[in-house]
file model_12.pdb (PDB, C-alpha atoms)
ATOM      1  CA  MET B  21     -10.157   7.521 -14.142
ATOM      2  CA  LEU B  22      -9.935   6.542 -10.489
ATOM      3  CA  LEU B  23      -9.028   8.518  -7.391
ATOM      4  CA  PHE B  24      -7.123   6.627  -4.692
ATOM      5  CA  VAL B  25      -6.993   8.610  -1.445
ATOM      6  CA  GLY B  26      -4.749   7.821   1.511
ATOM      7  CA  LEU B  27      -5.783   9.406   4.811
ATOM      8  CA  GLY B  28      -3.365  10.742   7.390
ATOM      9  CA  ASN B  29      -1.992  13.918   8.924
ATOM     10  CA  PRO B  30       0.728  15.946   7.180
ATOM     11  CA  GLY B  31       4.113  16.601   8.755
ATOM     12  CA  ARG B  32       7.071  14.517   9.823
ATOM     13  CA  GLN B  33       5.888  14.330  13.444
ATOM     14  CA  TYR B  34       2.861  12.263  12.310
ATOM     15  CA  ALA B  35       4.568  10.112   9.664
ATOM     16  CA  GLY B  36       4.735   6.916  11.743
ATOM     17  CA  ASN B  37       1.348   7.314  13.475
ATOM     18  CA  ARG B  38      -1.289   4.582  13.338
ATOM     19  CA  HIS B  39      -3.659   7.235  11.968
ATOM     20  CA  ASN B  40      -1.339   7.583   8.939
ATOM     21  CA  ILE B  41      -1.502   4.013   7.635
ATOM     22  CA  GLY B  42      -3.577   5.332   4.702
ATOM     23  CA  PHE B  43      -0.630   7.504   3.641
ATOM     24  CA  MET B  44       1.696   4.504   4.045
ATOM     25  CA  ALA B  45      -0.478   2.330   1.787
ATOM     26  CA  LEU B  46      -0.637   5.074  -0.856
ATOM     27  CA  GLU B  47       3.151   5.522  -0.802
ATOM     28  CA  ALA B  48       3.610   1.762  -1.286
ATOM     29  CA  ILE B  49       1.240   1.824  -4.286
ATOM     30  CA  ALA B  50       3.112   4.774  -5.801
ATOM     31  CA  ARG B  51       6.477   2.997  -5.440
ATOM     32  CA  ALA B  52       5.267  -0.349  -6.748
ATOM     33  CA  HIS B  53       3.630   1.124  -9.837
ATOM     34  CA  GLY B  54       6.257   3.735 -10.753
ATOM     35  CA  PHE B  55       4.231   6.882 -10.131
ATOM     36  CA  PRO B  56       6.056  10.223 -10.417
ATOM     37  CA  VAL B  57       6.882  12.119  -7.219
ATOM     38  CA  ALA B  58       3.684  13.636  -5.796
ATOM     39  CA  ARG B  59       3.319  17.402  -6.158
ATOM     40  CA  PRO B  60       1.223  19.927  -4.200
ATOM     41  CA  LYS B  61      -2.242  20.055  -5.757
ATOM     42  CA  PHE B  62      -5.868  20.018  -4.550
ATOM     43  CA  GLN B  63      -4.786  20.951  -0.986
ATOM     44  CA  GLY B  64      -2.840  17.707  -0.988
ATOM     45  CA  LEU B  65       0.006  15.830  -2.634
ATOM     46  CA  ALA B  66      -1.099  14.285  -5.919
ATOM     47  CA  THR B  67       0.442  12.142  -8.623
ATOM     48  CA  GLU B  68      -1.012  10.446 -11.685
ATOM     49  CA  GLY B  69      -0.121   7.116 -13.235
ATOM     50  CA  THR B  70      -1.392   3.739 -14.395
ATOM     51  CA  ILE B  71      -2.331   0.706 -12.309
ATOM     52  CA  GLY B  72      -3.163  -2.274 -14.475
ATOM     53  CA  ALA B  73      -5.269  -0.848 -17.297
ATOM     54  CA  GLU B  74      -6.592   2.103 -15.263
ATOM     55  CA  ARG B  75      -5.501   5.728 -15.013
ATOM     56  CA  VAL B  76      -5.303   6.582 -11.315
ATOM     57  CA  ILE B  77      -4.753   9.757  -9.303
ATOM     58  CA  LEU B  78      -3.089   9.135  -5.941
ATOM     59  CA  LEU B  79      -4.003  11.858  -3.437
ATOM     60  CA  ALA B  80      -2.730  12.404   0.099
ATOM     61  CA  PRO B  81      -4.721  15.338   1.546
ATOM     62  CA  GLN B  82      -2.531  17.797   3.448
ATOM     63  CA  THR B  83      -5.447  19.477   5.232
ATOM     64  CA  TYR B  84      -5.170  17.388   8.411
ATOM     65  CA  MET B  85      -7.509  14.466   8.895
ATOM     66  CA  ASN B  86     -10.589  16.453   9.970
ATOM     67  CA  GLU B  87     -10.658  18.426   6.689
ATOM     68  CA  SER B  88      -9.737  15.634   4.233
ATOM     69  CA  GLY B  89     -13.003  16.108   2.347
ATOM     70  CA  ARG B  90     -11.968  19.532   1.030
ATOM     71  CA  SER B  91      -8.993  18.038  -0.793
ATOM     72  CA  VAL B  92     -10.891  14.983  -2.068
ATOM     73  CA  ALA B  93     -13.816  17.077  -3.342
ATOM     74  CA  GLU B  94     -11.484  19.473  -5.176
ATOM     75  CA  ALA B  95      -9.680  16.632  -6.973
ATOM     76  CA  ALA B  96     -12.908  14.786  -7.802
ATOM     77  CA  ARG B  97     -14.487  17.935  -9.261
ATOM     78  CA  PHE B  98     -11.400  18.742 -11.338
ATOM     79  CA  TYR B  99     -11.248  15.271 -12.906
ATOM     80  CA  LYS B 100     -15.052  14.718 -12.892
ATOM     81  CA  ILE B 101     -14.616  11.497 -10.906
ATOM     82  CA  GLU B 102     -17.752   9.743  -9.696
ATOM     83  CA  LEU B 103     -18.122   8.592  -6.070
ATOM     84  CA  ARG B 104     -17.948   4.923  -7.111
ATOM     85  CA  ASP B 105     -14.483   5.601  -8.606
ATOM     86  CA  ILE B 106     -13.048   6.960  -5.340
ATOM     87  CA  VAL B 107     -11.158   4.500  -3.119
ATOM     88  CA  VAL B 108     -10.161   5.716   0.359
ATOM     89  CA  PHE B 109      -7.455   3.898   2.355
ATOM     90  CA  HIS B 110      -7.803   4.547   6.090
ATOM     91  CA  ASP B 111      -7.054   3.231   9.567
ATOM     92  CA  GLU B 112      -9.785   1.162  11.223
ATOM     93  CA  LEU B 113      -9.982   0.730  15.008
ATOM     94  CA  ASP B 114     -12.711  -1.918  14.742
ATOM     95  CA  LEU B 115     -10.522  -4.397  12.842
ATOM     96  CA  PRO B 116      -7.659  -6.380  14.381
ATOM     97  CA  PRO B 117      -4.131  -5.322  13.400
ATOM     98  CA  ALA B 118      -3.049  -6.468   9.913
ATOM     99  CA  LYS B 119      -6.627  -7.193   8.772
ATOM    100  CA  LEU B 120      -8.242  -5.459   5.805
ATOM    101  CA  ARG B 121     -11.836  -5.073   4.677
ATOM    102  CA  VAL B 122     -13.306  -3.313   1.650
ATOM    103  CA  LYS B 123     -16.770  -1.801   1.617
ATOM    104  CA  THR B 124     -18.783   0.848  -0.202
ATOM    105  CA  GLY B 125     -20.665   3.401   1.856
ATOM    106  CA  GLY B 126     -21.826   2.638   5.377
ATOM    107  CA  GLY B 127     -21.104   4.439   8.613
ATOM    108  CA  ASN B 128     -17.978   6.419   9.390
ATOM    109  CA  ALA B 129     -17.409   4.789  12.801
ATOM    110  CA  GLY B 130     -16.258   8.067  14.343
ATOM    111  CA  HIS B 131     -13.455   8.466  11.774
ATOM    112  CA  ASN B 132     -13.055  12.210  11.205
ATOM    113  CA  GLY B 133     -11.417  11.816   7.791
ATOM    114  CA  LEU B 134     -14.319   9.734   6.486
ATOM    115  CA  ARG B 135     -16.833  12.080   8.113
ATOM    116  CA  SER B 136     -15.258  15.018   6.266
ATOM    117  CA  ILE B 137     -15.250  13.225   2.900
ATOM    118  CA  THR B 138     -18.887  12.194   3.371
ATOM    119  CA  ALA B 139     -19.864  15.777   4.274
ATOM    120  CA  HIS B 140     -18.244  17.129   1.090
ATOM    121  CA  MET B 141     -18.971  14.304  -1.348
ATOM    122  CA  GLY B 142     -21.707  11.974  -0.140
ATOM    123  CA  ASN B 143     -21.259   8.520   1.342
ATOM    124  CA  ASP B 144     -21.072   5.994  -1.494
ATOM    125  CA  TYR B 145     -17.336   5.875  -2.101
ATOM    126  CA  ARG B 146     -15.231   2.755  -1.596
ATOM    127  CA  ARG B 147     -13.267   2.319   1.634
ATOM    128  CA  VAL B 148     -10.272   0.086   2.248
ATOM    129  CA  ARG B 149     -10.333  -0.340   6.026
ATOM    130  CA  LEU B 150      -6.872  -1.089   7.414
ATOM    131  CA  GLY B 151      -7.068  -2.695  10.843
ATOM    132  CA  ILE B 152      -4.939  -1.129  13.570
ATOM    133  CA  GLY B 153      -6.756  -2.675  16.539
ATOM    134  CA  HIS B 154      -8.392  -0.859  19.450
ATOM    135  CA  PRO B 155      -6.661   0.197  22.679
ATOM    136  CA  GLY B 156      -9.556  -1.292  24.659
ATOM    137  CA  ASP B 157     -10.903   1.910  26.197
ATOM    138  CA  LYS B 158     -12.598   4.744  24.300
ATOM    139  CA  SER B 159     -10.717   7.346  26.372
ATOM    140  CA  LEU B 160      -7.406   5.975  25.030
ATOM    141  CA  VAL B 161      -8.310   6.156  21.331
ATOM    142  CA  HIS B 162      -7.020   9.683  20.621
ATOM    143  CA  ASN B 163      -3.522   9.013  21.955
ATOM    144  CA  TYR B 164      -3.489   5.525  20.435
ATOM    145  CA  VAL B 165      -4.116   6.649  16.852
ATOM    146  CA  LEU B 166      -1.724   9.597  17.172
ATOM    147  CA  ASN B 167       1.124   7.419  18.449
ATOM    148  CA  ASP B 168       3.596   5.659  16.180
ATOM    149  CA  PHE B 169       3.345   1.984  15.394
ATOM    150  CA  GLY B 170       5.558   0.013  17.787
ATOM    151  CA  LYS B 171       8.709  -1.726  16.559
ATOM    152  CA  THR B 172       6.968  -5.103  16.608
ATOM    153  CA  GLU B 173       4.063  -3.703  14.540
ATOM    154  CA  VAL B 174       6.177  -2.229  11.740
ATOM    155  CA  LYS B 175       6.740  -5.641  10.119
ATOM    156  CA  TRP B 176       3.046  -6.337   9.610
ATOM    157  CA  VAL B 177       2.412  -2.728   8.521
ATOM    158  CA  ASP B 178       5.098  -3.068   5.831
ATOM    159  CA  ALA B 179       3.749  -6.479   4.776
ATOM    160  CA  LEU B 180       0.189  -5.138   4.558
ATOM    161  CA  CYS B 181       1.195  -2.079   2.529
ATOM    162  CA  ASP B 182       3.262  -4.296   0.214
ATOM    163  CA  ALA B 183       0.331  -6.696  -0.299
ATOM    164  CA  ILE B 184      -1.998  -3.758  -1.021
ATOM    165  CA  ALA B 185       0.452  -2.334  -3.570
ATOM    166  CA  ARG B 186       0.984  -5.669  -5.340
ATOM    167  CA  ASN B 187      -2.759  -6.261  -5.567
ATOM    168  CA  ALA B 188      -3.731  -2.680  -6.453
ATOM    169  CA  PRO B 189      -4.585  -3.637 -10.081
ATOM    170  CA  VAL B 190      -7.353  -5.890  -8.717
ATOM    171  CA  ILE B 191      -9.101  -3.108  -6.816
ATOM    172  CA  ALA B 192      -8.431  -0.684  -9.685
ATOM    173  CA  LYS B 193     -10.492  -2.909 -11.994
ATOM    174  CA  GLY B 194     -13.300  -2.922  -9.419
ATOM    175  CA  ASP B 195     -12.973  -6.433  -8.020
ATOM    176  CA  ASP B 196     -13.070  -5.505  -4.331
ATOM    177  CA  ALA B 197     -13.763  -9.036  -3.046
ATOM    178  CA  SER B 198     -10.815 -10.562  -4.939
ATOM    179  CA  PHE B 199      -8.564  -7.720  -3.764
ATOM    180  CA  GLN B 200      -9.528  -8.330  -0.148
ATOM    181  CA  ASN B 201      -9.003 -12.081  -0.502
ATOM    182  CA  SER B 202      -5.634 -11.688  -2.268
ATOM    183  CA  VAL B 203      -4.333  -9.360   0.456
ATOM    184  CA  HIS B 204      -5.451 -11.813   3.156
ATOM    185  CA  LEU B 205      -3.684 -14.681   1.385
ATOM    186  CA  ALA B 206      -0.518 -12.580   1.077
ATOM    187  CA  MET B 207      -0.659 -11.740   4.788
ATOM    188  CA  ASP B 208      -1.134 -15.427   5.653
ATOM    189  CA  ALA B 209       1.873 -16.313   3.507
ATOM    190  CA  ALA B 210       3.927 -13.601   5.238
ATOM    191  CA  GLY B 211       3.030 -15.085   8.629
ATOM    192  CA  PHE B 212       0.627 -12.345   9.740
ATOM    193  CA  GLY B 213      -2.680 -14.128   9.202
ATOM    194  CA  ASN B 214      -3.397 -14.611  12.898
ATOM    195  CA  GLU B 215      -2.574 -11.160  14.282
ATOM    196  CA  LYS B 216      -4.833 -10.329  17.218
TER     197      LYS B 216
END
call {"tool": "encode", "arguments": {"input": "model_12.pdb", "output": "structure tokens"}}
result
Amino acid sequence: MLLFVGLGNPGRQYAGNRHNIGFMALEAIARAHGFPVARPKFQGLATEGTIGAERVILLAPQTYMNESGRSVAEAARFYKIELRDIVVFHDELDLPPAKLRVKTGGGNAGHNGLRSITAHMGNDYRRVRLGIGHPGDKSLVHNYVLNDFGKTEVKWVDALCDAIARNAPVIAKGDDASFQNSVHLAMDAAGFGNEK
């Protein structure tokens, strides 16, 4: 069994924030693969279904970003899920908009959601880094991530989430490199391959 985690902040006021792209990706996966409506569980919203040949729990922690690890740890303990079988979808300032990278372990790059998960679980889980770009000045980061995507950005966000959802069976079977490549090809085909 796998645990797919989308990071974000709960509440309607945050729904369109750049910081919530992890939630958006998870919702797209749930829709594309016919998961039941998520229910409150593990201090989050959780639903269980099948992606490809794999049983997968989709979890959106409702603890606010800084405490995401509490929710993830509770779900992982309940289902006895190993770190290598946890995939976290999150916003990434250090990648250009519409770009995606997959890695296992590594630093948390100041991301409070990842820092919390690492503190509760250890570091060697898989991360799907969803590029949102950087505002250019460290002092602007807080407001940048907690602001909604602009109207011109919504198209690439939707395209990225759709590509992630369509290719979810590839990452579910553990082929991270092929997943990353397939999403990039889909974004190129959708006309978003050269986003800066």
call {"tool": "closest_residue", "arguments": {"input": "model_12.pdb", "among": "B:His53, B:Arg186, B:Lys171, B:Lys123", "to": "B:Arg104", "atoms": "all atoms listed in the file"}}
result
B:Lys123
call {"tool": "closest_residue", "arguments": {"input": "model_12.pdb", "among": "B:Arg38, B:Arg121, B:Lys61, B:Arg135", "to": "B:Glu87", "atoms": "only C-alpha atoms"}}
result
B:Arg135
call {"tool": "residues_around", "arguments": {"input": "model_12.pdb", "residues": "stretch 140-143 of chain B", "least_positions_apart": "2", "cutoff": "12 Å", "atoms": "only C-alpha atoms", "output": "MDAnalysis selection string"}}
result
chainID B and resid 86:97 101:104 106:108 123:128 133:138 145:147
call {"tool": "resolve_selection", "arguments": {"input": "model_12.pdb", "expression": "the PyMOL selection byres ((chain B and resi 197) around 12)", "output": "JSON, numbers by chain"}}
result
{"B": [120, 121, 122, 123, 124, 146, 148, 187, 190, 191, 192, 193, 194, 195, 196, 198, 199, 200, 201, 202, 203, 204]}
call {"tool": "residues_around", "arguments": {"input": "model_12.pdb", "residues": "B:Val25", "least_positions_apart": "5", "cutoff": "6 Å", "atoms": "all atoms listed in the file", "output": "JSON list (two decimals) with C-alpha atoms, in the coordinates of the input"}}
result
[["chain", "number", "residue", "atom", "x", "y", "z"],
["B", 78, "LEU", "CA", -3.09, 9.14, -5.94],
["B", 79, "LEU", "CA", -4.00, 11.86, -3.44],
["B", 80, "ALA", "CA", -2.73, 12.40, 0.10],
["B", 108, "VAL", "CA", -10.16, 5.72, 0.36]]
call {"tool": "closest_residue", "arguments": {"input": "model_12.pdb", "among": "B:Pro117, B:Gly156, B:Gly130, B:Pro56", "to": "B:Glu68", "atoms": "only C-alpha atoms"}}
result
B:Pro56
call {"tool": "closest_residue", "arguments": {"input": "model_12.pdb", "among": "B:Val76, B:Ala118, B:Arg32, B:Arg149", "to": "B:Val174", "atoms": "all atoms listed in the file"}}
result
B:Ala118
call {"tool": "residues_around", "arguments": {"input": "model_12.pdb", "residues": "B:Ala206", "least_positions_apart": "6", "cutoff": "9 Å", "atoms": "all atoms listed in the file", "output": "PyMOL selection string"}}
result
chain B and resi 179-180+183+212-213
call {"tool": "closest_residue", "arguments": {"input": "model_12.pdb", "among": "B:Thr67, B:His162, B:Lys100, B:Asp208", "to": "B:His131", "atoms": "all atoms listed in the file"}}
result
B:His162
call {"tool": "atom_distance", "arguments": {"input": "model_12.pdb", "atom1": "atom CA of B:His110", "atom2": "atom CA of B:Ile41"}}
result
6.5 Å
call {"tool": "resolve_selection", "arguments": {"input": "model_12.pdb", "expression": "the PyMOL selection byres ((chain B and resi 164) around 9)", "output": "PyMOL selection string"}}
result
chain B and resi 37-39+154-155+160-163+165-168
call {"tool": "write_last_selection", "arguments": {"input": "model_12.pdb", "atoms": "C-alpha atoms", "output": "short mmCIF file (atom, residue, chain, number, x, y, z; two decimals), keeping the file's coordinate frame"}}
result
data_model
loop_
_atom_site.label_atom_id
_atom_site.label_comp_id
_atom_site.auth_asym_id
_atom_site.auth_seq_id
_atom_site.Cartn_x
_atom_site.Cartn_y
_atom_site.Cartn_z
CA ASN B 37 1.35 7.31 13.48
CA ARG B 38 -1.29 4.58 13.34
CA HIS B 39 -3.66 7.24 11.97
CA HIS B 154 -8.39 -0.86 19.45
CA PRO B 155 -6.66 0.20 22.68
CA LEU B 160 -7.41 5.98 25.03
CA VAL B 161 -8.31 6.16 21.33
CA HIS B 162 -7.02 9.68 20.62
CA ASN B 163 -3.52 9.01 21.96
CA VAL B 165 -4.12 6.65 16.85
CA LEU B 166 -1.72 9.60 17.17
CA ASN B 167 1.12 7.42 18.45
CA ASP B 168 3.60 5.66 16.18
#
call {"tool": "resolve_selection", "arguments": {"input": "model_12.pdb", "expression": "the PyMOL selection byres ((chain B and resi 21) around 8)", "output": "ChimeraX atom specification"}}
result
/B:22-23,74-77,99,101,105
call {"tool": "atom_distance", "arguments": {"input": "model_12.pdb", "atom1": "atom CA of B:Met207", "atom2": "atom CA of B:Phe24"}}
result
21.7 Å
call {"tool": "atom_distance", "arguments": {"input": "model_12.pdb", "atom1": "atom CA of B:Pro116", "atom2": "atom CA of B:Ala139"}}
result
27.2 Å
call {"tool": "closest_residue", "arguments": {"input": "model_12.pdb", "among": "B:Asn29, B:Ser159, B:Gln82, B:Thr172", "to": "B:Pro60", "atoms": "all atoms listed in the file"}}
result
B:Gln82
call {"tool": "decode", "arguments": {"input": "model_12.pdb", "residues": "stretch 49-61 of chain B", "atoms": "C-alpha atoms", "output": "short mmCIF file (atom, residue, chain, number, x, y, z; two decimals), in the first residue's frame"}}
result
data_model
loop_
_atom_site.label_atom_id
_atom_site.label_comp_id
_atom_site.auth_asym_id
_atom_site.auth_seq_id
_atom_site.Cartn_x
_atom_site.Cartn_y
_atom_site.Cartn_z
CA ILE B 49 -5.57 12.26 -8.84
CA ALA B 50 -8.70 11.44 -6.83
CA ARG B 51 -10.99 12.60 -9.66
CA ALA B 52 -9.07 10.86 -12.42
CA HIS B 53 -8.95 7.52 -10.63
CA GLY B 54 -12.47 7.47 -9.17
CA PHE B 55 -11.60 7.68 -5.48
CA PRO B 56 -14.50 8.05 -3.02
CA VAL B 57 -15.06 11.44 -1.37
CA ALA B 58 -12.35 12.03 1.25
CA ARG B 59 -13.45 11.76 4.88
CA PRO B 60 -11.94 13.21 8.08
CA LYS B 61 -9.30 10.79 9.34
#
